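Structure, as structure tokens:
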Amino acid sequence: MRRLLHSPLISLPRKFARRPSNRYPSTPFCLPWKNKRFYLKSAPTSKLRASGEDSERRRKYVVENKYNEVTVIRCATQEAIEEAMQKLGEYPHVCVAGVSNAGKSSMINHLIVKKNLARASSVPGKTKTVDLFLVNDTFVIADFPGMPSTDPQVEGMWKGKWRPLIKSYMTEVKDLRGFVFIHDIRWPVAFDEIKFNKWMRRSFDIPNYLLLLSKNDKVEHNRRLMGLNNARNKLGFEDSDRHLHYCSQNENSQCRASRRHVLRWLESVLIGDKSQLKQRVDDLNDPL
């Protein structure tokens with residue numbers, strides 16, 4: 001009797017049949033005289049994965065919401081930056097800068113859906129190298145060391161080692177598409193931030209500037225507007241330069257929306273206008 005129940009050729013009256021379950025691809029049925037379920041064995045369709053070529057064609061955007069392939073190169077010396085540029089020089093680059101503990105590393109981890117990829121900490125000066133993240137073999141995010149805030153030790157490291165590293169990177173990079181400057185909206189603009197932005201604009205050719213105001217979920221609306229006007233005026237951002245508010249808490253709907261805004265800015269910087277982006281998505285969707 002037990003062998004007969006597990007046979008795939010068994011047929012029961014239609015009133016005993018049940019709707020298919022998402023967990024099991026086969027149709028379950030229940031015996032009228034016993035409160036038990038039996039399932040015909042088959043391979044779960046959710047575990048079937050596409051080939052590498054198909055997954056590449058299904059990738060529509062430069063950053064995905066679930067999984068991103070990331071290669072990390074940490075450059076502690078100028079020689080390491082020159083060696084890394086030989087490998088990653090052909091990719092478009094987007095660099096991220098800001099004061100220590102302003103939220104640079106947390107933003108990068110939240111943006112590319114990786115935990116502890118960039119070194120995030122509440123202690124200033126956690127990022128001590130120029131970290132290069134090759135995302136999905138498409139573009140590179142450069143995470144700069146943080147500028148000094150209130151820690152004199154960080155100030156000494158910035159003048160002696162970190163600032164020359166940034167200068168070496170900006171000199172060696174060939175295809176720089178954008179520059180993201182992160183400022184904590186709760187803090188007043190420091191003199192080092194003003195001097196750093198003037199140095200970057202005067203010394204290097206940067207096509208796209210983005211002012212990213214972090215910790216946006218920790219302030220009210222009026223204080224948010226005051227922080228925005230203060231940052232744009234003192235940092236010398238022009239009318240053509242964009243600004244976005246950002247927070248890295250997935251539980252907050254505003255934080256998820258801010259991530260989408262930054263991803264759209266990345267798409268526009270790396271690919272071009274919306275027509276080019278639509279053409280790229282159509283090309284990826286075309287069959288072989």
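Chain labels A, B, ... are given in the sequence in which chains occur in the structure tokens; within each chain residues are numbered consecutively from 1, and ligands are likewise numbered from 1 in the order shown.
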I'd like the neighbourhood of stretch 243-252 of chain A as a list of chain:residue names, where a residue qualifies if any of its atoms comes within 7 Å (using only C-alpha atoms), though same-chain residues fewer than 5 positions away should be ignored.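 In the requested format, the answer is A:Ser106, A:Met107, A:His110, A:Leu210, A:Leu211, A:Leu212, A:Leu213, A:Ser214, A:Lys215, A:Asn216, A:Asp217, A:Ser258.
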Could you pull out the residues in stretch 34-278 of chain A that DSSP calls strand (DSSP E or B) from the backbone, as number ranges by chain? A: 37-38, 70-75, 93-99, 130-135, 139-143, 147, 176-184, 209-214, 242-245
Selected residues written out with N, CA and C atoms, as a short mmCIF file (atom, residue, chain, number, x, y, z; two decimals), in the first residue's frame:
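out-v7.cif, written as the output of this step:
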```
data_model
loop_
_atom_site.label_atom_id
_atom_site.label_comp_id
_atom_site.auth_asym_id
_atom_site.auth_seq_id
_atom_site.Cartn_x
_atom_site.Cartn_y
_atom_site.Cartn_z
N ARG A 37 0.20 14.52 4.14
CA ARG A 37 0.45 14.96 2.79
C ARG A 37 1.56 14.13 2.17
N PHE A 38 1.43 13.87 0.89
CA PHE A 38 2.45 13.16 0.15
C PHE A 38 2.78 13.99 -1.08
N VAL A 70 32.56 42.01 -6.89
CA VAL A 70 33.44 43.12 -6.54
C VAL A 70 34.86 42.59 -6.33
N THR A 71 35.82 43.24 -6.98
CA THR A 71 37.24 42.97 -6.77
C THR A 71 37.85 44.17 -6.07
N VAL A 72 38.58 43.93 -4.98
CA VAL A 72 39.11 45.00 -4.14
C VAL A 72 40.63 45.05 -4.27
N ILE A 73 41.14 46.26 -4.50
CA ILE A 73 42.59 46.51 -4.51
C ILE A 73 42.84 47.69 -3.56
N ARG A 74 43.61 47.47 -2.51
CA ARG A 74 43.92 48.51 -1.53
C ARG A 74 45.34 49.00 -1.78
N CYS A 75 45.46 50.30 -2.03
CA CYS A 75 46.73 50.91 -2.40
C CYS A 75 47.23 51.76 -1.24
N HIS A 93 36.07 55.47 -13.82
CA HIS A 93 36.26 55.60 -12.38
C HIS A 93 35.31 56.65 -11.81
N VAL A 94 34.86 56.39 -10.57
CA VAL A 94 34.11 57.35 -9.77
C VAL A 94 34.75 57.36 -8.40
N CYS A 95 35.20 58.52 -7.93
CA CYS A 95 35.89 58.59 -6.65
C CYS A 95 34.98 59.20 -5.59
N VAL A 96 35.21 58.79 -4.34
CA VAL A 96 34.40 59.20 -3.20
C VAL A 96 35.33 59.79 -2.15
N ALA A 97 35.03 61.01 -1.70
CA ALA A 97 35.85 61.70 -0.71
C ALA A 97 34.96 62.35 0.32
N GLY A 98 35.58 62.76 1.44
CA GLY A 98 34.83 63.42 2.51
C GLY A 98 35.63 63.41 3.80
N VAL A 99 35.06 64.04 4.81
CA VAL A 99 35.70 64.08 6.11
C VAL A 99 35.62 62.70 6.77
N VAL A 130 43.95 54.13 -0.39
CA VAL A 130 43.04 54.38 -1.50
C VAL A 130 42.51 53.03 -1.96
N ASP A 131 41.26 52.75 -1.66
CA ASP A 131 40.65 51.46 -1.96
C ASP A 131 39.92 51.53 -3.29
N LEU A 132 40.25 50.61 -4.19
CA LEU A 132 39.64 50.55 -5.52
C LEU A 132 38.73 49.33 -5.57
N PHE A 133 37.45 49.55 -5.92
CA PHE A 133 36.46 48.48 -6.00
C PHE A 133 36.00 48.36 -7.45
N LEU A 134 36.37 47.26 -8.09
CA LEU A 134 35.91 46.96 -9.44
C LEU A 134 34.56 46.25 -9.34
N VAL A 135 33.49 46.92 -9.76
CA VAL A 135 32.12 46.43 -9.57
C VAL A 135 31.61 45.83 -10.86
N PHE A 139 32.87 49.19 -13.78
CA PHE A 139 33.44 50.47 -13.39
C PHE A 139 34.13 50.31 -12.05
N VAL A 140 34.88 51.35 -11.65
CA VAL A 140 35.69 51.33 -10.43
C VAL A 140 35.22 52.45 -9.51
N ILE A 141 35.01 52.11 -8.22
CA ILE A 141 34.76 53.11 -7.18
C ILE A 141 36.04 53.25 -6.37
N ALA A 142 36.54 54.47 -6.27
CA ALA A 142 37.75 54.77 -5.49
C ALA A 142 37.34 55.42 -4.18
N ASP A 143 37.67 54.77 -3.07
CA ASP A 143 37.36 55.27 -1.74
C ASP A 143 38.61 55.93 -1.17
N MET A 147 39.36 63.08 5.33
CA MET A 147 40.07 64.28 5.74
C MET A 147 39.99 64.45 7.26
N LEU A 176 38.16 59.39 -15.55
CA LEU A 176 37.40 59.77 -14.36
C LEU A 176 36.06 60.35 -14.80
N ARG A 177 34.98 59.69 -14.39
CA ARG A 177 33.64 60.10 -14.82
C ARG A 177 32.93 60.97 -13.79
N GLY A 178 33.23 60.81 -12.52
CA GLY A 178 32.49 61.55 -11.51
C GLY A 178 33.24 61.64 -10.20
N PHE A 179 32.86 62.64 -9.41
CA PHE A 179 33.47 62.88 -8.10
C PHE A 179 32.34 63.08 -7.09
N VAL A 180 32.31 62.24 -6.05
CA VAL A 180 31.29 62.30 -5.01
C VAL A 180 31.94 62.82 -3.74
N PHE A 181 31.43 63.95 -3.25
CA PHE A 181 31.92 64.49 -1.98
C PHE A 181 30.82 64.33 -0.94
N ILE A 182 31.12 63.60 0.13
CA ILE A 182 30.14 63.28 1.17
C ILE A 182 30.34 64.23 2.34
N HIS A 183 29.25 64.83 2.77
CA HIS A 183 29.27 65.74 3.92
C HIS A 183 28.14 65.37 4.87
N ASP A 184 28.46 65.22 6.13
CA ASP A 184 27.45 64.94 7.15
C ASP A 184 26.60 66.19 7.34
N TYR A 209 30.38 66.61 -10.68
CA TYR A 209 30.45 66.75 -9.23
C TYR A 209 29.10 66.36 -8.62
N LEU A 210 29.16 65.64 -7.49
CA LEU A 210 27.95 65.30 -6.74
C LEU A 210 28.19 65.55 -5.27
N LEU A 211 27.37 66.40 -4.68
CA LEU A 211 27.41 66.63 -3.23
C LEU A 211 26.40 65.69 -2.58
N LEU A 212 26.91 64.77 -1.76
CA LEU A 212 26.06 63.78 -1.11
C LEU A 212 25.97 64.11 0.38
N LEU A 213 24.79 64.46 0.83
CA LEU A 213 24.56 64.84 2.22
C LEU A 213 24.11 63.61 3.00
N SER A 214 25.00 63.08 3.83
CA SER A 214 24.74 61.84 4.55
C SER A 214 24.02 62.11 5.87
N ARG A 242 25.11 68.73 -8.97
CA ARG A 242 23.96 68.13 -8.32
C ARG A 242 24.25 67.87 -6.85
N HIS A 243 23.18 67.72 -6.08
CA HIS A 243 23.28 67.29 -4.70
C HIS A 243 22.17 66.27 -4.44
N LEU A 244 22.45 65.34 -3.53
CA LEU A 244 21.49 64.31 -3.15
C LEU A 244 21.60 64.09 -1.64
N HIS A 245 20.49 63.73 -1.05
CA HIS A 245 20.47 63.35 0.36
C HIS A 245 20.59 61.82 0.45
#
```
Filtered DSSP result for stretch 171-204 of chain A, state helix (DSSP H, G or I), as number ranges by chain: A: 171-172, 191-203
Selected residues written out, all heavy atoms, as a short mmCIF file (atom, residue, chain, number, x, y, z; two decimals), in the first residue's frame:
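Output file out25.cif is given in full below:
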```cif
data_model
loop_
_atom_site.label_atom_id
_atom_site.label_comp_id
_atom_site.auth_asym_id
_atom_site.auth_seq_id
_atom_site.Cartn_x
_atom_site.Cartn_y
_atom_site.Cartn_z
N THR A 171 46.31 61.90 -10.49
CA THR A 171 47.24 62.10 -11.60
C THR A 171 47.27 60.89 -12.52
O THR A 171 47.39 61.03 -13.75
CB THR A 171 48.65 62.39 -11.06
OG1 THR A 171 48.59 63.50 -10.16
CG2 THR A 171 49.61 62.71 -12.19
N GLU A 172 47.16 59.69 -11.96
CA GLU A 172 47.29 58.46 -12.75
C GLU A 172 45.98 58.04 -13.43
O GLU A 172 46.02 57.37 -14.46
CB GLU A 172 47.77 57.32 -11.86
CG GLU A 172 49.18 57.49 -11.31
CD GLU A 172 50.24 57.38 -12.40
OE1 GLU A 172 49.95 56.74 -13.44
OE2 GLU A 172 51.33 57.95 -12.21
N PHE A 191 36.92 74.00 7.54
CA PHE A 191 37.85 74.71 6.65
C PHE A 191 38.61 73.74 5.76
O PHE A 191 38.92 74.06 4.60
CB PHE A 191 38.83 75.55 7.48
CG PHE A 191 39.87 76.25 6.67
CD1 PHE A 191 39.54 77.35 5.88
CD2 PHE A 191 41.19 75.81 6.68
CE1 PHE A 191 40.51 77.99 5.12
CE2 PHE A 191 42.15 76.45 5.92
CZ PHE A 191 41.81 77.53 5.14
N ASP A 192 38.94 72.56 6.28
CA ASP A 192 39.65 71.56 5.47
C ASP A 192 38.79 71.09 4.29
O ASP A 192 39.32 70.80 3.21
CB ASP A 192 40.04 70.36 6.33
CG ASP A 192 41.12 70.72 7.35
OD1 ASP A 192 41.96 71.59 7.02
OD2 ASP A 192 41.12 70.14 8.44
N GLU A 193 37.49 71.01 4.47
CA GLU A 193 36.62 70.64 3.36
C GLU A 193 36.63 71.69 2.27
O GLU A 193 36.67 71.37 1.08
CB GLU A 193 35.20 70.43 3.88
CG GLU A 193 35.02 69.27 4.82
CD GLU A 193 33.59 69.12 5.28
OE1 GLU A 193 33.22 69.80 6.26
OE2 GLU A 193 32.84 68.34 4.66
N ILE A 194 36.56 72.96 2.66
CA ILE A 194 36.59 74.05 1.68
C ILE A 194 37.90 74.05 0.90
O ILE A 194 37.93 74.16 -0.33
CB ILE A 194 36.37 75.40 2.39
CG1 ILE A 194 35.02 75.41 3.11
CG2 ILE A 194 36.46 76.55 1.40
CD1 ILE A 194 34.78 76.65 3.95
N LYS A 195 39.01 73.89 1.63
CA LYS A 195 40.31 73.89 0.97
C LYS A 195 40.49 72.68 0.06
O LYS A 195 41.06 72.80 -1.04
CB LYS A 195 41.41 73.92 2.05
CG LYS A 195 42.80 74.10 1.51
CD LYS A 195 43.78 74.43 2.62
CE LYS A 195 43.91 73.29 3.60
NZ LYS A 195 45.00 73.55 4.60
N PHE A 196 39.97 71.52 0.47
CA PHE A 196 40.10 70.31 -0.36
C PHE A 196 39.31 70.45 -1.65
O PHE A 196 39.81 70.10 -2.73
CB PHE A 196 39.61 69.10 0.44
CG PHE A 196 39.62 67.81 -0.33
CD1 PHE A 196 40.80 67.10 -0.51
CD2 PHE A 196 38.45 67.31 -0.89
CE1 PHE A 196 40.82 65.92 -1.23
CE2 PHE A 196 38.46 66.13 -1.60
CZ PHE A 196 39.65 65.43 -1.78
N ASN A 197 38.09 70.97 -1.59
CA ASN A 197 37.29 71.12 -2.81
C ASN A 197 37.90 72.14 -3.76
O ASN A 197 37.88 71.95 -4.99
CB ASN A 197 35.87 71.52 -2.43
CG ASN A 197 35.01 70.34 -2.05
OD1 ASN A 197 34.40 69.68 -2.88
ND2 ASN A 197 34.94 70.06 -0.75
N LYS A 198 38.45 73.22 -3.22
CA LYS A 198 39.12 74.19 -4.09
C LYS A 198 40.35 73.57 -4.76
O LYS A 198 40.61 73.82 -5.94
CB LYS A 198 39.54 75.42 -3.27
CG LYS A 198 38.38 76.30 -2.85
CD LYS A 198 38.88 77.52 -2.09
CE LYS A 198 37.72 78.42 -1.70
NZ LYS A 198 38.19 79.63 -0.94
N TRP A 199 41.09 72.77 -4.01
CA TRP A 199 42.27 72.10 -4.58
C TRP A 199 41.88 71.12 -5.68
O TRP A 199 42.54 71.08 -6.73
CB TRP A 199 43.02 71.39 -3.45
CG TRP A 199 44.15 70.52 -3.92
CD1 TRP A 199 45.25 70.92 -4.63
CD2 TRP A 199 44.29 69.11 -3.73
NE1 TRP A 199 46.07 69.84 -4.89
CE2 TRP A 199 45.50 68.72 -4.35
CE3 TRP A 199 43.52 68.14 -3.08
CZ2 TRP A 199 45.95 67.41 -4.34
CZ3 TRP A 199 43.96 66.83 -3.06
CH2 TRP A 199 45.16 66.47 -3.70
N MET A 200 40.81 70.35 -5.48
CA MET A 200 40.38 69.39 -6.49
C MET A 200 39.90 70.10 -7.76
O MET A 200 40.23 69.69 -8.88
CB MET A 200 39.26 68.52 -5.92
CG MET A 200 39.69 67.63 -4.76
SD MET A 200 40.89 66.37 -5.24
CE MET A 200 39.86 65.31 -6.23
N ARG A 201 39.14 71.16 -7.62
CA ARG A 201 38.63 71.88 -8.80
C ARG A 201 39.75 72.60 -9.54
O ARG A 201 39.73 72.68 -10.78
CB ARG A 201 37.55 72.88 -8.38
CG ARG A 201 36.25 72.25 -7.91
CD ARG A 201 35.25 73.31 -7.51
NE ARG A 201 34.01 72.76 -7.04
CZ ARG A 201 32.97 72.45 -7.83
NH1 ARG A 201 33.05 72.64 -9.14
NH2 ARG A 201 31.86 71.97 -7.31
N ARG A 202 40.72 73.12 -8.81
CA ARG A 202 41.79 73.89 -9.45
C ARG A 202 42.84 72.99 -10.09
O ARG A 202 43.39 73.34 -11.16
CB ARG A 202 42.44 74.79 -8.40
CG ARG A 202 43.54 75.69 -8.95
CD ARG A 202 44.11 76.59 -7.88
NE ARG A 202 44.76 75.83 -6.82
CZ ARG A 202 44.29 75.69 -5.60
NH1 ARG A 202 43.13 76.25 -5.25
NH2 ARG A 202 44.94 74.98 -4.68
N SER A 203 43.10 71.82 -9.52
CA SER A 203 44.22 71.00 -9.96
C SER A 203 43.85 69.92 -10.96
O SER A 203 44.71 69.49 -11.74
CB SER A 203 44.91 70.36 -8.75
OG SER A 203 45.32 71.34 -7.82
#
```
Atom CA of A:Lys114 sits from atom CA of A:Asn68 at a separation of 8.1 Å
Tell me, as a PyMOL selection string, which residues lie within 8 Å of A:Leu228, counting only C-alpha atoms; anything in the same chain fewer than 4 positions away does not count. chain A and resi 185+213+224+232
Find the residues around stretch 152-167 of chain A up to 7 Å (only C-alpha atoms counted), leave out those fewer than 6 positions away in its own chain, and share them as a list in words.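 In the requested form, the answer reads Thr77, Gln78, Gly125, Phe144 and Pro145 of chain A.
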Between atom CA of A:Lys66 and atom CA of A:Val113, what is the distance, to one decimal in Å?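 Atom CA of A:Lys66 sits 6.9 Å away from atom CA of A:Val113.
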